[in-house]
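This report concerns only the one structure given below.
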Amino acid sequence: MPFARLAKATTATAHVGLGLAAVGRPGYITLGRDRDLPEDRTPDALRERAHELLDAAYAQGVRYFDVARSYGRAEEFLAGWLRDHPDVQDVVIGSKWGYAYTADWRTDAEVHEVKDHSVEAFERQRAETGELLGERLDLYQIHSVTPDSPALTDTALHARLADLAASGVTVGISTSGPAQADAIRAALGVVVGGEPLFRTVQATYNLLDTSAAEALAEAHDAGLTVIVKEALANGRLSPDAAPPALRAVAGETGATCDAVALAVILRLPWAGVLLSGAATVLQLASNLHAAVVDLDDNQLARLAEMREEPAAYWKHRAGLPWS
């Protein structure tokens, strides 16, 4: 398992990862992008921003980097950074397939990405990822698996994924939607040649949506590495948009709202890697401060009261604008 490399790291931030979804393409659904990104979001401008973030993240102890085929040019940006830093060999690189980027570098596209979990999509996107990341790819995940995804039942696809795993690339899934727990449990039951196929699961978990917690704990107990994404709820838990309860606890601790929200997750015994989706170096530094935030039982209880019903949370997320 490539994540064994993280176990050797001694920095407090080694189990915090950097995801490049926010800077790999001009349009995304995180709040505040007009403020956070360069006014002219050309590929060169976002490549420069991505490299600034990667430099800062590595310098501060981050050792997991996360991209996807649908994140615009994120794989390309990461591949370029790795070429520029041939001495960096202690990081874990993860990408995802199953969505194709279709926005043509526009923020006003009618459709930004198209989902396809077929064998043909896997073969095509695996080749595309290979051209960019080559042997540096450690983890390849199926993007946004839901309980009805054919990726959970397609035995031909499972055979291809098992071949990839046999070549040394860890195979995992990411999940989305109000039924994440069902998708996770279904994935735990996928077996090829008597062995579990999936060795990691990346899921949305934050103070507003905690519905996947029990399933993620089960995945951890089954030996999978759990990666937490969207820990700031696409900006809803950031300092500019945080609910009153989060603002109150942040004021008591002297930490930022984002650091408090992430600190809650870092305490969870099943959370192996926590992703930062920072779009600026200052945001990244604030996120990484989560590693030293202390929270008492009363504060944790008050933060737990922020949770929403999964259906309501995902309906709100679906209504966020691409900007």
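By order in the structure tokens, chains are A, B, ...; within a chain, residues start at 1; ligands start at 1, following the order shown.
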
TODO: Would you list the contacts of Met1 of chain A as a PyMOL selection string, taking every protein, DNA or RNA residue within 9 Å and counting only C-alpha atoms, but skipping same-chain residues closer than 3 positions in sequence?
DONE: chain A and resi 4-5+138+168-170+199

Task: Contacts of segment 119-125 of chain A within 8 Å, only C-alpha atoms, excl. fewer than 3 positions in-chain, as a VMD selection string - done: chain A and resid 69 97 to 98 116 128 to 129 156 to 157 160

TODO: List the neighbours of Ala181 of chain A out to 10 Å using only C-alpha atoms; skip same-chain residues closer than 4 positions along the sequence, and give me the result as a VMD selection string.
DONE: chain A and resid 146 to 147 175 to 177 185 to 187 203 211 to 216 218

Keeping only all heavy atoms, write the selected residues as an mmCIF file, in the first residue's frame.
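Saved the output as out.cif:
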data_model
loop_
_atom_site.group_PDB
_atom_site.id
_atom_site.type_symbol
_atom_site.label_atom_id
_atom_site.label_comp_id
_atom_site.auth_asym_id
_atom_site.auth_seq_id
_atom_site.Cartn_x
_atom_site.Cartn_y
_atom_site.Cartn_z
ATOM 1 N N THR A 146 -21.924 5.802 -6.735
ATOM 2 C CA THR A 146 -23.198 5.790 -6.017
ATOM 3 C C THR A 146 -23.731 4.359 -6.031
ATOM 4 O O THR A 146 -23.233 3.517 -6.785
ATOM 5 C CB THR A 146 -24.212 6.745 -6.685
ATOM 6 O OG1 THR A 146 -24.292 6.440 -8.080
ATOM 7 C CG2 THR A 146 -23.774 8.203 -6.531
ATOM 8 N N PRO A 147 -24.731 4.047 -5.200
ATOM 9 C CA PRO A 147 -25.178 2.646 -5.107
ATOM 10 C C PRO A 147 -25.629 2.044 -6.431
ATOM 11 O O PRO A 147 -25.545 0.820 -6.611
ATOM 12 C CB PRO A 147 -26.338 2.716 -4.112
ATOM 13 C CG PRO A 147 -26.015 3.883 -3.243
ATOM 14 C CD PRO A 147 -25.386 4.888 -4.165
ATOM 15 N N THR A 175 -16.885 8.409 -3.341
ATOM 16 C CA THR A 175 -18.338 8.344 -3.298
ATOM 17 C C THR A 175 -18.923 9.741 -3.216
ATOM 18 O O THR A 175 -18.244 10.702 -2.855
ATOM 19 C CB THR A 175 -18.827 7.525 -2.085
ATOM 20 O OG1 THR A 175 -18.399 8.177 -0.873
ATOM 21 C CG2 THR A 175 -18.280 6.121 -2.116
ATOM 22 N N SER A 176 -20.191 9.847 -3.549
ATOM 23 C CA SER A 176 -20.897 11.113 -3.434
ATOM 24 C C SER A 176 -22.383 10.829 -3.294
ATOM 25 O O SER A 176 -22.845 9.718 -3.565
ATOM 26 C CB SER A 176 -20.636 12.018 -4.645
ATOM 27 O OG SER A 176 -21.109 11.405 -5.830
ATOM 28 N N GLY A 177 -23.138 11.832 -2.867
ATOM 29 C CA GLY A 177 -24.577 11.704 -2.766
ATOM 30 C C GLY A 177 -25.048 11.286 -1.386
ATOM 31 O O GLY A 177 -24.259 10.890 -0.520
ATOM 32 N N ARG A 185 -20.497 0.308 1.539
ATOM 33 C CA ARG A 185 -20.707 -1.078 1.974
ATOM 34 C C ARG A 185 -20.769 -2.030 0.779
ATOM 35 O O ARG A 185 -20.271 -3.164 0.853
ATOM 36 C CB ARG A 185 -21.969 -1.167 2.825
ATOM 37 C CG ARG A 185 -21.806 -0.464 4.182
ATOM 38 C CD ARG A 185 -23.004 -0.643 5.082
ATOM 39 N NE ARG A 185 -22.726 -0.115 6.410
ATOM 40 C CZ ARG A 185 -23.313 0.972 6.927
ATOM 41 N NH1 ARG A 185 -24.222 1.649 6.214
ATOM 42 N NH2 ARG A 185 -22.997 1.381 8.140
ATOM 43 N N ALA A 186 -21.358 -1.566 -0.319
ATOM 44 C CA ALA A 186 -21.375 -2.408 -1.518
ATOM 45 C C ALA A 186 -19.964 -2.627 -2.040
ATOM 46 O O ALA A 186 -19.604 -3.738 -2.464
ATOM 47 C CB ALA A 186 -22.253 -1.760 -2.590
ATOM 48 N N ALA A 187 -19.143 -1.593 -2.008
ATOM 49 C CA ALA A 187 -17.763 -1.710 -2.486
ATOM 50 C C ALA A 187 -16.960 -2.678 -1.623
ATOM 51 O O ALA A 187 -16.096 -3.406 -2.134
ATOM 52 C CB ALA A 187 -17.101 -0.340 -2.503
ATOM 53 N N ALA A 203 -14.457 9.796 0.587
ATOM 54 C CA ALA A 203 -15.862 10.150 0.770
ATOM 55 C C ALA A 203 -15.992 11.559 1.324
ATOM 56 O O ALA A 203 -15.096 12.075 1.995
ATOM 57 C CB ALA A 203 -16.536 9.165 1.725
ATOM 58 N N SER A 211 -23.137 11.524 7.561
ATOM 59 C CA SER A 211 -23.928 10.311 7.371
ATOM 60 C C SER A 211 -23.108 9.081 6.996
ATOM 61 O O SER A 211 -23.573 7.960 7.186
ATOM 62 C CB SER A 211 -25.007 10.554 6.313
ATOM 63 O OG SER A 211 -24.429 10.942 5.069
ATOM 64 N N ALA A 212 -21.914 9.272 6.477
ATOM 65 C CA ALA A 212 -21.101 8.122 6.060
ATOM 66 C C ALA A 212 -20.190 7.609 7.164
ATOM 67 O O ALA A 212 -19.419 6.677 6.940
ATOM 68 C CB ALA A 212 -20.263 8.497 4.840
ATOM 69 N N ALA A 213 -20.289 8.169 8.362
ATOM 70 C CA ALA A 213 -19.320 7.868 9.419
ATOM 71 C C ALA A 213 -19.231 6.376 9.736
ATOM 72 O O ALA A 213 -18.130 5.809 9.791
ATOM 73 C CB ALA A 213 -19.657 8.664 10.674
ATOM 74 N N GLU A 214 -20.356 5.728 9.978
ATOM 75 C CA GLU A 214 -20.311 4.318 10.376
ATOM 76 C C GLU A 214 -19.739 3.451 9.253
ATOM 77 O O GLU A 214 -18.942 2.538 9.517
ATOM 78 C CB GLU A 214 -21.703 3.837 10.769
ATOM 79 C CG GLU A 214 -22.207 4.425 12.082
ATOM 80 C CD GLU A 214 -23.524 3.804 12.509
ATOM 81 O OE1 GLU A 214 -23.978 2.837 11.844
ATOM 82 O OE2 GLU A 214 -24.104 4.292 13.495
ATOM 83 N N ALA A 215 -20.132 3.723 8.027
ATOM 84 C CA ALA A 215 -19.617 2.941 6.900
ATOM 85 C C ALA A 215 -18.119 3.165 6.717
ATOM 86 O O ALA A 215 -17.382 2.231 6.384
ATOM 87 C CB ALA A 215 -20.374 3.297 5.623
ATOM 88 N N LEU A 216 -17.664 4.389 6.930
ATOM 89 C CA LEU A 216 -16.235 4.668 6.808
ATOM 90 C C LEU A 216 -15.449 3.971 7.920
ATOM 91 O O LEU A 216 -14.333 3.487 7.685
ATOM 92 C CB LEU A 216 -15.991 6.177 6.840
ATOM 93 C CG LEU A 216 -16.491 6.921 5.593
ATOM 94 C CD1 LEU A 216 -16.399 8.423 5.794
ATOM 95 C CD2 LEU A 216 -15.707 6.501 4.356
ATOM 96 N N GLU A 218 -16.327 1.149 9.217
ATOM 97 C CA GLU A 218 -16.301 -0.248 8.783
ATOM 98 C C GLU A 218 -15.227 -0.466 7.719
ATOM 99 O O GLU A 218 -14.530 -1.493 7.725
ATOM 100 C CB GLU A 218 -17.677 -0.646 8.239
ATOM 101 C CG GLU A 218 -18.773 -0.678 9.293
ATOM 102 C CD GLU A 218 -20.159 -0.781 8.683
ATOM 103 O OE1 GLU A 218 -20.277 -1.171 7.495
ATOM 104 O OE2 GLU A 218 -21.140 -0.456 9.383
#

TODO: Determine the nearest neighbour of Ser238 of chain A from the options A:Ala7, A:Leu268, A:Ala159, A:Leu207, counting only C-alpha atoms.
DONE: A:Leu207

TODO: Extract, using only C-alpha atoms, all DNA, RNA and protein residues at most 12 Å from Gly134 of chain A, discarding same-chain residues fewer than 5 positions from it, and format them as a list in words.
DONE: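 Neighbouring residues, sequence-local ones excluded: Glu75, Glu76, Leu78, Ala79, Gly80, Leu82, Arg83, Ile93, Gly94, Ser95, Arg126, Ala127, Glu128, Thr129, Leu139, Tyr140 and Val169 of chain A.
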
Task: helix (DSSP H, G or I) per DSSP on the backbone: members of segment 117-263 of chain A, as an MDAnalysis selection string - done: chainID A and resid 119:136 150:152 155:166 180:188 213:221 233:235 244:253 257:263

Open item on the list: Here is a test: counting only C-alpha atoms, which residue of A:Leu6, A:Val201, A:Ala304, A:Ala45 is nearest to Arg25 of chain A?
Closed with: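 Using only C-alpha atoms, Arg25 of chain A sits closest to A:Ala45.
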
TODO: Measure the distance from atom CA of Ala248 of chain A to atom CA of Val281 of chain A in Å and round it to one decimal.
DONE: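 Atom-to-atom, atom CA of Ala248 of chain A and atom CA of Val281 of chain A are spaced 24.9 Å apart.
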
TODO: Go through A:Ala301, A:Val111, A:Ala59, A:Leu288 one by one, measure the shortest atom-to-atom distance of each to Tyr28 of chain A using only C-alpha atoms, and give the residue with the smallest value.
DONE: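 For Tyr28 of chain A, the nearest of the given residues is A:Val111.
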